[in-house]
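Data file: protein-v1.cif. Format and content: mmCIF, C-alpha atoms and all ligand atoms.
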data_my_file
#
loop_
_atom_site.label_atom_id
_atom_site.label_comp_id
_atom_site.auth_asym_id
_atom_site.auth_seq_id
_atom_site.Cartn_x
_atom_site.Cartn_y
_atom_site.Cartn_z
CA MET A 175 0.00 0.00 0.00
CA ARG A 176 1.11 3.58 -0.63
CA ALA A 177 -0.05 6.70 1.19
CA VAL A 178 -0.39 8.60 -2.07
CA ASP A 179 -2.90 6.07 -3.43
CA ILE A 180 -5.02 6.41 -0.31
CA ILE A 181 -4.97 10.21 -0.66
CA ILE A 182 -5.98 9.96 -4.32
CA LYS A 183 -8.75 7.48 -3.49
CA LYS A 184 -10.25 9.92 -0.99
CA ARG A 185 -9.74 12.82 -3.40
CA GLU A 186 -11.81 10.85 -5.91
CA LYS A 187 -14.60 10.47 -3.30
CA GLU A 188 -14.11 6.72 -2.94
CA VAL A 189 -14.66 4.77 0.26
CA LEU A 190 -11.51 3.66 2.11
CA THR A 191 -11.27 0.14 3.48
CA ARG A 192 -10.47 -0.60 7.12
CA GLU A 193 -7.04 -1.89 6.04
CA GLU A 194 -6.28 1.35 4.18
CA ILE A 195 -7.34 3.49 7.14
CA GLU A 196 -5.28 1.37 9.55
CA PHE A 197 -2.27 1.58 7.23
CA PHE A 198 -2.56 5.35 7.02
CA ILE A 199 -2.94 5.84 10.78
CA ARG A 200 -0.01 3.47 11.48
CA GLY A 201 2.21 5.41 9.07
CA LEU A 202 1.10 8.77 10.44
CA THR A 203 1.85 7.64 14.00
CA SER A 204 5.28 6.19 13.22
CA GLY A 205 6.24 9.21 11.13
CA GLU A 206 6.68 7.10 7.98
CA ILE A 207 3.93 9.12 6.33
CA PRO A 208 5.17 12.73 6.33
CA ASP A 209 3.17 15.76 7.45
CA TYR A 210 2.52 16.97 3.89
CA GLN A 211 0.80 13.70 2.93
CA VAL A 212 -1.19 13.63 6.16
CA SER A 213 -2.32 17.22 5.52
CA ALA A 214 -3.36 16.42 1.95
CA TRP A 215 -5.31 13.39 3.15
CA ALA A 216 -7.01 15.42 5.91
CA MET A 217 -8.08 18.01 3.31
CA ALA A 218 -9.48 15.25 1.08
CA VAL A 219 -11.45 13.88 4.05
CA LEU A 220 -12.70 17.37 4.91
CA LEU A 221 -13.86 18.01 1.34
CA ASN A 222 -15.30 14.59 0.53
CA GLY A 223 -16.39 13.20 3.89
CA MET A 224 -16.45 9.64 5.16
CA THR A 225 -19.15 7.03 5.57
CA ALA A 226 -20.26 5.98 9.07
CA GLN A 227 -18.16 2.80 8.69
CA GLU A 228 -15.04 4.74 7.63
CA THR A 229 -15.49 7.13 10.57
CA THR A 230 -15.78 4.25 13.02
CA ASP A 231 -12.74 2.52 11.49
CA LEU A 232 -10.77 5.76 11.69
CA THR A 233 -11.75 6.28 15.34
CA LEU A 234 -10.73 2.77 16.35
CA ALA A 235 -7.45 2.96 14.40
CA MET A 236 -6.63 6.23 16.19
CA ALA A 237 -7.64 4.88 19.61
CA ASN A 238 -5.49 1.79 18.97
CA SER A 239 -2.49 3.86 17.86
CA GLY A 240 -1.43 3.72 21.52
CA ASP A 241 -2.58 1.99 24.69
CA VAL A 242 -6.28 1.59 25.33
CA ILE A 243 -6.76 1.84 29.07
CA ASP A 244 -9.01 -0.62 30.87
CA LEU A 245 -10.23 1.07 34.05
CA SER A 246 -12.50 -1.71 35.26
CA GLY A 247 -10.01 -2.98 37.85
CA ILE A 248 -8.99 0.52 38.98
CA VAL A 249 -12.22 2.36 39.87
CA PRO A 250 -15.87 1.20 39.98
CA ILE A 251 -16.82 3.62 37.20
CA ALA A 252 -14.92 6.39 35.45
CA VAL A 253 -16.70 9.23 33.66
CA ASP A 254 -15.56 11.85 31.20
CA LYS A 255 -16.72 14.91 29.30
CA HIS A 256 -15.49 16.41 26.06
CA SER A 257 -16.33 19.57 24.17
CA THR A 258 -16.13 19.87 20.41
CA GLY A 259 -14.44 23.24 20.84
CA GLY A 260 -15.54 26.79 21.35
CA VAL A 261 -14.57 30.24 22.54
CA GLY A 262 -14.23 30.82 26.29
CA ASP A 263 -15.03 27.17 26.95
CA LYS A 264 -13.28 26.40 30.22
CA THR A 265 -16.04 24.00 31.34
CA THR A 266 -13.73 21.05 31.96
CA LEU A 267 -11.82 22.99 34.62
CA VAL A 268 -14.99 23.28 36.69
CA VAL A 269 -17.04 20.20 35.79
CA GLU A 270 -14.33 17.58 36.27
CA PRO A 271 -13.31 18.52 39.85
CA THR A 272 -16.98 18.98 40.75
CA ILE A 273 -17.83 15.48 39.56
CA ALA A 274 -14.79 14.02 41.31
CA ALA A 275 -15.91 15.75 44.51
CA CYS A 276 -19.28 14.01 44.12
CA GLY A 277 -17.53 10.63 44.18
CA LEU A 278 -17.15 9.71 40.50
CA ALA A 279 -13.66 9.09 39.13
CA VAL A 280 -12.79 11.32 36.15
CA GLY A 281 -9.92 10.40 33.81
CA LYS A 282 -9.73 12.80 30.90
CA MET A 283 -7.55 13.33 27.90
CA SER A 284 -8.07 16.90 26.72
CA GLY A 285 -6.98 18.77 23.61
CA ARG A 286 -5.06 21.91 22.71
CA GLY A 287 -6.36 24.98 20.94
CA LEU A 288 -7.68 24.25 17.48
CA GLY A 289 -8.14 27.09 14.98
CA PHE A 290 -10.08 29.87 16.71
CA SER A 291 -11.12 27.53 19.55
CA GLY A 292 -9.22 27.37 22.83
CA GLY A 293 -7.98 24.08 24.30
CA THR A 294 -7.98 22.86 27.89
CA LEU A 295 -4.32 21.78 27.81
CA ASP A 296 -3.14 25.25 26.77
CA LYS A 297 -5.24 26.72 29.57
CA LEU A 298 -3.82 24.34 32.18
CA GLU A 299 -0.27 25.04 31.03
CA SER A 300 -0.67 28.66 32.11
CA ILE A 301 -0.20 27.21 35.61
CA PRO A 302 3.61 26.93 35.83
CA GLY A 303 4.82 23.33 36.04
CA TYR A 304 1.45 21.68 35.22
CA ARG A 305 2.15 18.46 33.29
CA THR A 306 -0.12 17.47 30.40
CA ASP A 307 1.90 14.48 29.19
CA LEU A 308 1.20 11.75 31.73
CA SER A 309 2.13 8.19 30.78
CA LYS A 310 -0.41 5.40 30.98
CA GLU A 311 1.04 4.30 34.35
CA GLU A 312 0.88 7.83 35.74
CA PHE A 313 -2.68 8.18 34.47
CA LEU A 314 -3.75 4.97 36.22
CA ASN A 315 -1.90 5.72 39.48
CA GLN A 316 -3.39 9.20 39.73
CA LEU A 317 -6.89 7.98 38.91
CA SER A 318 -6.75 5.42 41.67
CA SER A 319 -5.12 7.77 44.20
CA ILE A 320 -7.15 10.99 43.78
CA GLY A 321 -9.89 10.01 41.30
CA LEU A 322 -9.11 12.87 38.92
CA VAL A 323 -6.78 13.17 35.91
CA LEU A 324 -6.62 15.93 33.28
CA THR A 325 -3.90 15.24 30.77
CA GLY A 326 -3.30 15.26 27.02
CA GLN A 327 -2.73 12.54 24.51
CA SER A 328 0.87 11.35 24.76
CA SER A 329 3.20 9.06 22.88
CA GLY A 330 1.41 6.20 24.66
CA LEU A 331 -2.20 7.43 24.56
CA ALA A 332 -3.92 8.16 21.23
CA PRO A 333 -0.66 9.42 19.64
CA ALA A 334 -2.29 9.50 16.19
CA ASP A 335 -4.70 12.16 17.42
CA GLY A 336 -1.84 14.24 18.79
CA LYS A 337 -0.14 14.35 15.40
CA LEU A 338 -3.24 14.83 13.30
CA TYR A 339 -4.67 17.44 15.68
CA ALA A 340 -1.54 19.62 15.45
CA LEU A 341 -1.65 19.49 11.64
CA ARG A 342 -5.38 20.16 11.39
CA ASP A 343 -4.96 23.22 13.60
CA VAL A 344 -2.80 24.95 10.98
CA THR A 345 -4.00 23.50 7.66
CA GLY A 346 -7.66 24.53 7.62
CA THR A 347 -8.82 20.96 8.20
CA VAL A 348 -10.72 21.25 11.46
CA GLN A 349 -14.34 21.58 10.33
CA SER A 350 -15.04 17.98 9.36
CA ILE A 351 -17.48 15.62 11.05
CA PRO A 352 -15.33 12.46 10.57
CA LEU A 353 -12.15 14.24 11.70
CA ILE A 354 -13.75 15.80 14.78
CA ALA A 355 -15.69 12.66 15.71
CA SER A 356 -12.62 10.41 15.41
CA SER A 357 -10.41 12.90 17.26
CA VAL A 358 -12.80 13.20 20.18
CA MET A 359 -13.92 9.57 20.39
CA SER A 360 -10.44 8.04 19.93
CA LYS A 361 -9.31 9.92 23.04
CA LYS A 362 -12.43 8.91 24.95
CA ILE A 363 -12.03 5.24 24.02
CA ALA A 364 -8.29 5.23 24.80
CA ALA A 365 -8.81 6.86 28.21
CA GLY A 366 -11.27 4.14 29.22
CA ALA A 367 -14.21 6.07 30.73
CA GLN A 368 -17.43 4.06 30.79
CA ALA A 369 -19.82 7.04 30.83
CA ILE A 370 -19.22 10.11 28.68
CA ILE A 371 -20.98 13.41 28.06
CA LEU A 372 -20.21 15.25 24.82
CA ASP A 373 -20.64 19.01 24.80
CA VAL A 374 -21.32 19.67 21.12
CA LYS A 375 -21.23 23.35 20.31
CA THR A 376 -23.18 25.10 17.58
CA GLY A 377 -23.01 28.69 16.33
CA ASN A 378 -20.52 31.03 14.73
CA GLY A 379 -17.87 30.17 17.36
CA ALA A 380 -18.23 26.42 16.84
CA PHE A 381 -16.85 24.11 14.18
CA MET A 382 -20.44 23.10 13.39
CA GLU A 383 -22.17 26.40 12.71
CA THR A 384 -25.72 25.12 12.25
CA GLU A 385 -27.76 23.15 14.74
CA SER A 386 -28.42 20.43 12.18
CA GLU A 387 -24.67 19.90 11.55
CA ALA A 388 -24.05 19.83 15.30
CA ARG A 389 -26.76 17.20 15.74
CA LYS A 390 -25.23 15.12 12.94
CA LEU A 391 -21.81 15.26 14.63
CA ALA A 392 -23.38 14.42 18.00
CA GLU A 393 -25.23 11.43 16.55
CA VAL A 394 -22.06 10.06 14.92
CA MET A 395 -20.09 10.34 18.18
CA VAL A 396 -22.85 8.89 20.37
CA SER A 397 -23.17 5.94 18.00
CA ILE A 398 -19.38 5.29 17.96
CA GLY A 399 -19.36 5.44 21.77
CA GLN A 400 -22.24 3.00 22.03
CA LEU A 401 -20.58 0.63 19.56
CA SER A 402 -17.57 0.66 21.89
CA GLY A 403 -19.76 -0.29 24.84
CA ARG A 404 -19.81 3.15 26.54
CA ARG A 405 -22.79 5.04 27.94
CA VAL A 406 -22.75 8.30 25.99
CA ILE A 407 -24.99 11.33 25.61
CA ALA A 408 -24.42 14.62 23.82
CA VAL A 409 -25.82 18.04 24.63
CA ILE A 410 -26.12 20.62 21.86
CA ALA A 411 -24.88 23.91 23.33
CA ASP A 412 -24.88 27.49 22.06
CA MET A 413 -21.61 29.00 20.82
CA ASN A 414 -22.76 32.19 19.13
CA GLN A 415 -21.15 34.23 21.90
CA PRO A 416 -18.23 33.22 24.16
CA LEU A 417 -19.10 31.09 27.18
CA GLY A 418 -18.66 33.17 30.33
CA LYS A 419 -16.60 36.33 30.03
CA ALA A 420 -12.94 35.28 29.76
CA VAL A 421 -11.27 34.22 26.49
CA GLY A 422 -7.55 33.38 26.62
CA ASN A 423 -5.62 30.84 28.63
CA ALA A 424 -4.72 32.35 32.02
CA LEU A 425 -7.80 34.61 31.94
CA GLU A 426 -9.96 31.49 31.58
CA VAL A 427 -8.17 29.66 34.39
CA LYS A 428 -8.91 32.65 36.64
CA GLU A 429 -12.59 32.56 35.67
CA ALA A 430 -12.76 28.81 36.33
CA ILE A 431 -11.16 29.35 39.75
CA ALA A 432 -13.72 32.07 40.55
CA THR A 433 -16.52 29.70 39.50
CA LEU A 434 -15.12 26.95 41.74
CA HIS A 435 -15.32 29.55 44.52
CA ASN A 436 -19.04 29.89 43.84
CA GLN A 437 -18.62 33.09 41.84
CA GLY A 438 -18.03 33.42 38.10
CA PRO A 439 -20.42 34.45 35.31
CA GLU A 440 -23.96 33.13 35.54
CA ASP A 441 -24.13 31.58 32.04
CA PHE A 442 -20.89 29.68 32.56
CA ARG A 443 -21.94 28.44 36.01
CA GLU A 444 -25.31 27.26 34.61
CA HIS A 445 -23.58 25.50 31.71
CA CYS A 446 -21.27 23.67 34.14
CA LEU A 447 -24.07 22.68 36.52
CA TYR A 448 -26.20 21.27 33.70
CA LEU A 449 -23.32 19.17 32.38
CA ALA A 450 -22.38 18.02 35.87
CA ALA A 451 -26.00 17.04 36.63
CA ASN A 452 -26.16 14.94 33.45
CA LEU A 453 -22.83 13.31 34.16
CA LEU A 454 -23.89 12.41 37.70
CA VAL A 455 -27.03 10.69 36.36
CA LEU A 456 -25.02 8.99 33.59
CA GLY A 457 -22.54 7.74 36.22
CA ARG A 458 -25.39 6.52 38.48
CA LYS A 459 -24.60 8.91 41.34
CA ALA A 460 -27.96 10.62 40.99
CA ASP A 461 -31.37 9.39 39.89
CA THR A 462 -32.60 12.63 38.39
CA LEU A 463 -31.10 15.74 36.88
CA SER A 464 -32.37 17.88 39.74
CA GLN A 465 -30.70 15.54 42.25
CA GLY A 466 -27.49 15.69 40.19
CA ARG A 467 -27.63 19.46 40.08
CA SER A 468 -28.09 19.69 43.88
CA LEU A 469 -25.06 17.43 44.41
CA ALA A 470 -22.94 19.52 42.04
CA GLU A 471 -24.10 22.80 43.59
CA ALA A 472 -23.30 21.50 47.06
CA ALA A 473 -19.81 20.33 45.97
CA ILE A 474 -19.03 23.84 44.74
CA LYS A 475 -20.61 25.56 47.74
CA ASN A 476 -18.87 23.45 50.38
CA GLY A 477 -15.46 23.90 48.76
CA GLU A 478 -14.98 20.20 47.87
CA ALA A 479 -14.84 20.88 44.12
CA TRP A 480 -12.16 23.52 44.71
CA GLU A 481 -10.18 21.09 46.88
CA TYR A 482 -10.27 18.55 44.03
CA PHE A 483 -8.97 21.16 41.61
CA ARG A 484 -6.08 21.87 43.99
CA LYS A 485 -5.37 18.14 44.36
CA LEU A 486 -5.30 17.84 40.57
CA VAL A 487 -2.84 20.72 40.15
CA ILE A 488 -0.56 19.33 42.86
CA ALA A 489 -0.71 15.77 41.45
CA GLN A 490 0.27 17.02 37.99
CA ASN A 491 3.16 19.08 39.28
CA GLY A 492 1.52 22.52 38.92
CA ASP A 493 2.72 25.29 41.20
CA ILE A 494 -0.19 25.55 43.63
CA ARG A 495 0.71 29.13 44.59
CA TYR A 496 -0.59 30.26 41.20
CA VAL A 497 -4.07 28.87 41.77
CA ASP A 498 -4.25 29.81 45.45
CA GLN A 499 -3.36 33.36 44.40
CA PRO A 500 -4.60 33.54 40.80
CA GLU A 501 -3.44 37.14 40.53
CA LYS A 502 0.03 35.57 40.14
CA LEU A 503 -1.03 33.90 36.85
CA PRO A 504 0.41 35.54 33.72
CA GLU A 505 -1.35 38.74 32.67
CA ALA A 506 -0.53 40.74 29.56
CA ARG A 507 0.80 44.25 30.03
CA LEU A 508 -1.09 46.19 27.30
CA ILE A 509 -4.78 46.66 28.03
CA SER A 510 -7.23 48.32 25.64
CA THR A 511 -11.00 48.66 26.00
CA LEU A 512 -13.68 48.78 23.30
CA ARG A 513 -16.67 50.76 24.60
CA ALA A 514 -20.30 51.09 23.55
CA ARG A 515 -20.81 54.07 21.26
CA THR A 516 -24.53 54.40 22.00
CA ASN A 517 -27.09 53.39 24.60
CA GLY A 518 -29.07 50.26 23.74
CA TRP A 519 -29.12 46.48 23.91
CA VAL A 520 -26.42 44.05 22.87
CA HIS A 521 -27.51 41.95 19.87
CA THR A 522 -24.22 40.30 18.88
CA VAL A 523 -21.01 39.30 20.67
CA HIS A 524 -19.48 37.36 17.81
CA ALA A 525 -17.75 34.31 19.28
CA ARG A 526 -15.70 33.44 16.22
CA LYS A 527 -14.31 36.95 15.74
CA ILE A 528 -13.39 37.06 19.43
CA GLY A 529 -11.73 33.62 19.18
CA GLU A 530 -9.82 34.69 16.06
CA ALA A 531 -8.72 37.92 17.75
CA SER A 532 -7.41 35.98 20.73
CA VAL A 533 -5.37 33.77 18.36
CA LEU A 534 -3.99 36.97 16.74
CA LEU A 535 -2.95 38.12 20.22
CA GLY A 536 -1.00 34.86 20.71
CA ALA A 537 -3.49 32.72 22.69
CA GLY A 538 -3.49 30.15 19.84
CA ARG A 539 -1.21 29.02 17.03
CA ALA A 540 -0.83 30.04 13.38
CA ARG A 541 1.96 27.47 12.86
CA LYS A 542 2.57 24.13 14.58
CA SER A 543 5.71 25.43 16.27
CA ASP A 544 4.17 28.67 17.61
CA LEU A 545 4.41 29.23 21.35
CA ILE A 546 1.30 30.18 23.27
CA ASP A 547 1.26 33.44 25.21
CA PRO A 548 -0.72 32.49 28.35
CA GLY A 549 -1.40 36.05 29.51
CA VAL A 550 -3.21 37.47 26.46
CA GLY A 551 -6.91 37.38 25.68
CA ILE A 552 -10.20 39.23 25.86
CA ILE A 553 -12.74 39.88 28.59
CA VAL A 554 -16.32 40.18 27.40
CA GLY A 555 -18.08 42.90 29.40
CA LYS A 556 -21.58 42.46 27.98
CA LYS A 557 -23.56 39.48 26.70
CA VAL A 558 -26.39 39.28 24.17
CA GLY A 559 -29.57 40.74 25.69
CA ASP A 560 -27.72 43.01 28.13
CA CYS A 561 -28.62 46.67 28.32
CA VAL A 562 -25.66 48.99 27.73
CA VAL A 563 -24.97 52.67 28.30
CA SER A 564 -22.77 54.65 25.92
CA GLY A 565 -19.14 54.49 27.10
CA GLU A 566 -19.50 51.19 29.02
CA PRO A 567 -16.78 48.60 28.28
CA ILE A 568 -17.90 45.84 25.91
CA LEU A 569 -14.57 44.11 25.25
CA THR A 570 -11.26 44.48 27.09
CA VAL A 571 -8.23 43.27 25.19
CA TYR A 572 -5.04 42.02 26.90
CA ALA A 573 -1.92 41.99 24.70
CA ASN A 574 1.85 41.80 24.97
CA ASN A 575 2.70 43.25 21.58
CA GLU A 576 1.62 46.59 20.05
CA ASN A 577 1.21 45.24 16.50
CA ARG A 578 -0.78 42.24 17.61
CA LEU A 579 -2.98 44.50 19.74
CA LYS A 580 -3.66 46.73 16.73
CA GLU A 581 -4.53 43.73 14.54
CA ALA A 582 -6.82 42.26 17.20
CA LEU A 583 -8.62 45.58 17.75
CA GLU A 584 -9.22 45.86 14.01
CA HIS A 585 -10.55 42.32 13.92
CA LEU A 586 -12.89 43.11 16.80
CA SER A 587 -14.15 46.41 15.40
CA ASN A 588 -17.52 44.94 14.35
CA ALA A 589 -17.63 41.89 16.65
CA CYS A 590 -20.29 43.42 18.91
CA VAL A 591 -23.53 45.01 17.76
CA VAL A 592 -25.64 47.34 19.91
CA GLU A 593 -29.12 48.36 18.70
CA ASP A 594 -31.72 50.72 20.12
CA TYR A 595 -34.28 47.95 20.72
CA PRO A 596 -34.13 44.98 23.14
CA ALA A 597 -32.61 41.58 22.27
CA GLU A 598 -33.46 38.22 23.83
CA PRO A 599 -30.61 36.50 25.72
CA LEU A 600 -29.27 33.46 23.84
CA PRO A 601 -30.26 30.00 25.10
CA LEU A 602 -27.51 27.86 26.64
CA PHE A 603 -28.70 24.55 25.16
CA TYR A 604 -30.72 23.36 22.18
CA GLY A 605 -31.22 19.70 23.03
CA VAL A 606 -29.80 16.35 24.08
CA ILE A 607 -28.90 13.31 21.95
CA GLY A 608 -29.13 9.95 23.73
CA ASP A 609 -30.80 8.84 26.93
CA VAL A 610 -29.10 9.85 30.17
CA LYS A 611 -30.84 7.00 32.05
CA ALA A 612 -30.09 4.27 29.49
N1 LIG B 701 -11.92 18.45 20.23
C1 LIG B 701 -11.12 17.43 19.85
O1 LIG B 701 -10.58 16.71 20.68
N2 LIG B 701 -10.93 17.24 18.54
C2 LIG B 701 -11.52 17.99 17.59
O2 LIG B 701 -11.31 17.73 16.42
C3 LIG B 701 -12.34 19.07 17.98
C4 LIG B 701 -12.52 19.28 19.32
#

I'd like the structure from this file rewritten - as structure tokens, please.
Amino acid sequence: MRAVDIIIKKREKEVLTREEIEFFIRGLTSGEIPDYQVSAWAMAVLLNGMTAQETTDLTLAMANSGDVIDLSGIVPIAVDKHSTGGVGDKTTLVVEPTIAACGLAVGKMSGRGLGFSGGTLDKLESIPGYRTDLSKEEFLNQLSSIGLVLTGQSSGLAPADGKLYALRDVTGTVQSIPLIASSVMSKKIAAGAQAIILDVKTGNGAFMETESEARKLAEVMVSIGQLSGRRVIAVIADMNQPLGKAVGNALEVKEAIATLHNQGPEDFREHCLYLAANLLVLGRKADTLSQGRSLAEAAIKNGEAWEYFRKLVIAQNGDIRYVDQPEKLPEARLISTLRARTNGWVHTVHARKIGEASVLLGAGRARKSDLIDPGVGIIVGKKVGDCVVSGEPILTVYANNENRLKEALEHLSNACVVEDYPAEPLPLFYGVIGDVKA
């Protein structure tokens, strides 16, 4: 078999066999297939799609590119959550410790920033020392000792996703149902959780802009999860405006810390509590969503969720002083504020433009080798539906470089729209795929 023939076959809209997909993923993982061929193949997949069988074969080949962890002898049940990517989405940082505090083990393999979307690993790495490359043994030891792991794919765990993910980020090959589904589900299968909630975003700041595309992606992932014997549901969540107020790595960690201290923006807190409630029912810790929500609320209120976050940071070598005193976390030195020019109501806070501006500032990558600047980002002062008075801050931009600041401000110039008539707040969720009690 030759990689070039597989690329051509997909370019010609033909269906790849399991053997061809396995060959390609093996070559990609070992480095025998070079980046330029992998990128060409990813573009062919993005343009021409894959059948359900190809997507399942791709997912399993990627999961099997490293170890597949069996957690059955380690903890009674392990749960997990995964977002399909969005702007200001720091949900994992709150939901996972909250769930662990409620007594369910959480072992998660997260991702990095992808295109205009932030990534949990980049956020966590704004805490000096925090390790995101745990080995399989470290993953298992930490899960059994503290019941909470938040790491990335490594050379041992879903390595194919690590390589493909980094290439997709910088080659315009993110927005593809088979590539997203296989990326997400290969990590979930490799990490071994038995119950999984997928947070599938829709809107201009999501990879699936329309609700119908988001539902299609959710259905594909739920079905792959079920085929692999996992209990899986997906929620369809709004991503037309950033989630919460903070966008950018350290800024988002600070907002997650505030939320774990029972503060934080209302929309973000609600989003986290809804996901946590579902996960607690899925993991059989609660019988109903309202019971799950009460457990999650209590874990945040009584400080247990925060304690689990601290335990996680310590276990993964993070410098705990930076989360105990979050003002120590990196913060950019140039601050510029965009203010409302008239009185009125906010109709648009364009998530994608804000995500793109934060990448321009250095919160994401334009090339694989780019370093992340943890201190830069944007704080959203007003959300859709809010009333605003002329001169009030709408967006505050944090930068470390004058040129980048200028570019970001230009990019943001029409990201927010204020009109002289009221706007309805945006919903948080549009629906659920799968049965949480199944
Ligand atoms: N999250 C992932 O892990 N992979 C994707 O492709 C998108 C979001």

So what do you get for CA of Ala226 (chain A) versus CA of Met395 (chain A), distance-wise?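 CA of Met395 (chain A) lies 10.1 Å from CA of Ala226 (chain A).
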
Within 8 Å of region 542-554 of chain A using only C-alpha atoms, minus same-chain residues under 4 positions, as a ChimeraX atom specification: /A:296-297,299-300,340-341,343-344,416,418-425,503-506,528,532,535-538,568-574

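Going from CA of Tyr339 (chain A) to CA of Val533 (chain A) covers 16.6 Å.
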
Would you kindly return, as a list in words, each protein, DNA or RNA residue with an atom no farther than 8 Å from any atom of region 193-195 of chain A, considering all atoms listed in the file and excluding same-chain residues fewer than 2 positions away?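 The contact residues come out as Met175, Ile180, Leu190, Thr191, Phe197, Phe198, Ile199, Glu228, Asp231, Leu232 and Ala235 of chain A.
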
Limited to C-alpha atoms, could you put the picked residues into a file as a short mmCIF file (atom, residue, chain, number, x, y, z; two decimals), in the frame of the given file?
data_model
loop_
_atom_site.label_atom_id
_atom_site.label_comp_id
_atom_site.auth_asym_id
_atom_site.auth_seq_id
_atom_site.Cartn_x
_atom_site.Cartn_y
_atom_site.Cartn_z
CA MET A 175 0.00 0.00 0.00
CA ILE A 180 -5.02 6.41 -0.31
CA LEU A 190 -11.51 3.66 2.11
CA THR A 191 -11.27 0.14 3.48
CA PHE A 197 -2.27 1.58 7.23
CA PHE A 198 -2.56 5.35 7.02
CA ILE A 199 -2.94 5.84 10.78
CA GLU A 228 -15.04 4.74 7.63
CA ASP A 231 -12.74 2.52 11.49
CA LEU A 232 -10.77 5.76 11.69
CA ALA A 235 -7.45 2.96 14.40
#

What is the distance between CA of Gln499 (chain A) and CA of Leu324 (chain A), in Å to one decimal?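 Pair CA of Gln499 (chain A) / CA of Leu324 (chain A) returns 20.9 Å.
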
Polymer residues at most 7 Å from Ala334 (chain A), all atoms listed in the file, same-chain spacing of 6 or more positions, as a list in words: Ile199, Leu202, Thr203, Met236 and Ser239 of chain A

Exercise: Lys184 (chain A) partners within 8 Å, only C-alpha atoms, chain neighbours under 3 positions left out, as a PyMOL selection string: chain A and resi 180-181+187-190+215+218-219+222

Residues of the last selection are to be written out with C-alpha atoms, as a compact mmCIF listing (two decimals), keeping the file's coordinate frame.
# COMPACT_ATOMS: atom_id res chain seq x y z
CA ILE A 180 -5.02 6.41 -0.31
CA ILE A 181 -4.97 10.21 -0.66
CA LYS A 187 -14.60 10.47 -3.30
CA GLU A 188 -14.11 6.72 -2.94
CA VAL A 189 -14.66 4.77 0.26
CA LEU A 190 -11.51 3.66 2.11
CA TRP A 215 -5.31 13.39 3.15
CA ALA A 218 -9.48 15.25 1.08
CA VAL A 219 -11.45 13.88 4.05
CA ASN A 222 -15.30 14.59 0.53

Tell me, as a PDB file with C-alpha atoms, in the frame of the given file, which residues lie within 9 Å of region 482-484 of chain A, counting all atoms listed in the file; anything in the same chain fewer than 6 positions away does not count.
ATOM      1  CA  LEU A 267     -11.820  22.990  34.620  1.00  0.00           C
ATOM      2  CA  VAL A 268     -14.990  23.280  36.690  1.00  0.00           C
ATOM      3  CA  GLU A 270     -14.330  17.580  36.270  1.00  0.00           C
ATOM      4  CA  PRO A 271     -13.310  18.520  39.850  1.00  0.00           C
ATOM      5  CA  THR A 272     -16.980  18.980  40.750  1.00  0.00           C
ATOM      6  CA  ALA A 274     -14.790  14.020  41.310  1.00  0.00           C
ATOM      7  CA  ALA A 275     -15.910  15.750  44.510  1.00  0.00           C
ATOM      8  CA  ILE A 320      -7.150  10.990  43.780  1.00  0.00           C
ATOM      9  CA  GLY A 321      -9.890  10.010  41.300  1.00  0.00           C
ATOM     10  CA  LEU A 322      -9.110  12.870  38.920  1.00  0.00           C
ATOM     11  CA  ILE A 431     -11.160  29.350  39.750  1.00  0.00           C
ATOM     12  CA  LEU A 434     -15.120  26.950  41.740  1.00  0.00           C
ATOM     13  CA  ILE A 494      -0.190  25.550  43.630  1.00  0.00           C
ATOM     14  CA  VAL A 497      -4.070  28.870  41.770  1.00  0.00           C
ATOM     15  CA  ASP A 498      -4.250  29.810  45.450  1.00  0.00           C
TER      16      ASP A 498
END

Need the axis-aligned box for region 185-191 of chain A with 3 Å each side, so what are the centre and edges in Å to one decimal, as AutoDock Vina command-line options?
--center_x -12.2 --center_y 6.5 --center_z -1.2 --size_x 10.9 --size_y 18.7 --size_z 15.4

Shortest interatomic distance to Met413 (chain A) - which of A:Glu393, A:Asp263, A:Glu429, A:Asp335, counting only C-alpha atoms: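 Using only C-alpha atoms, the shortest distance to Met413 (chain A) belongs to A:Asp263.
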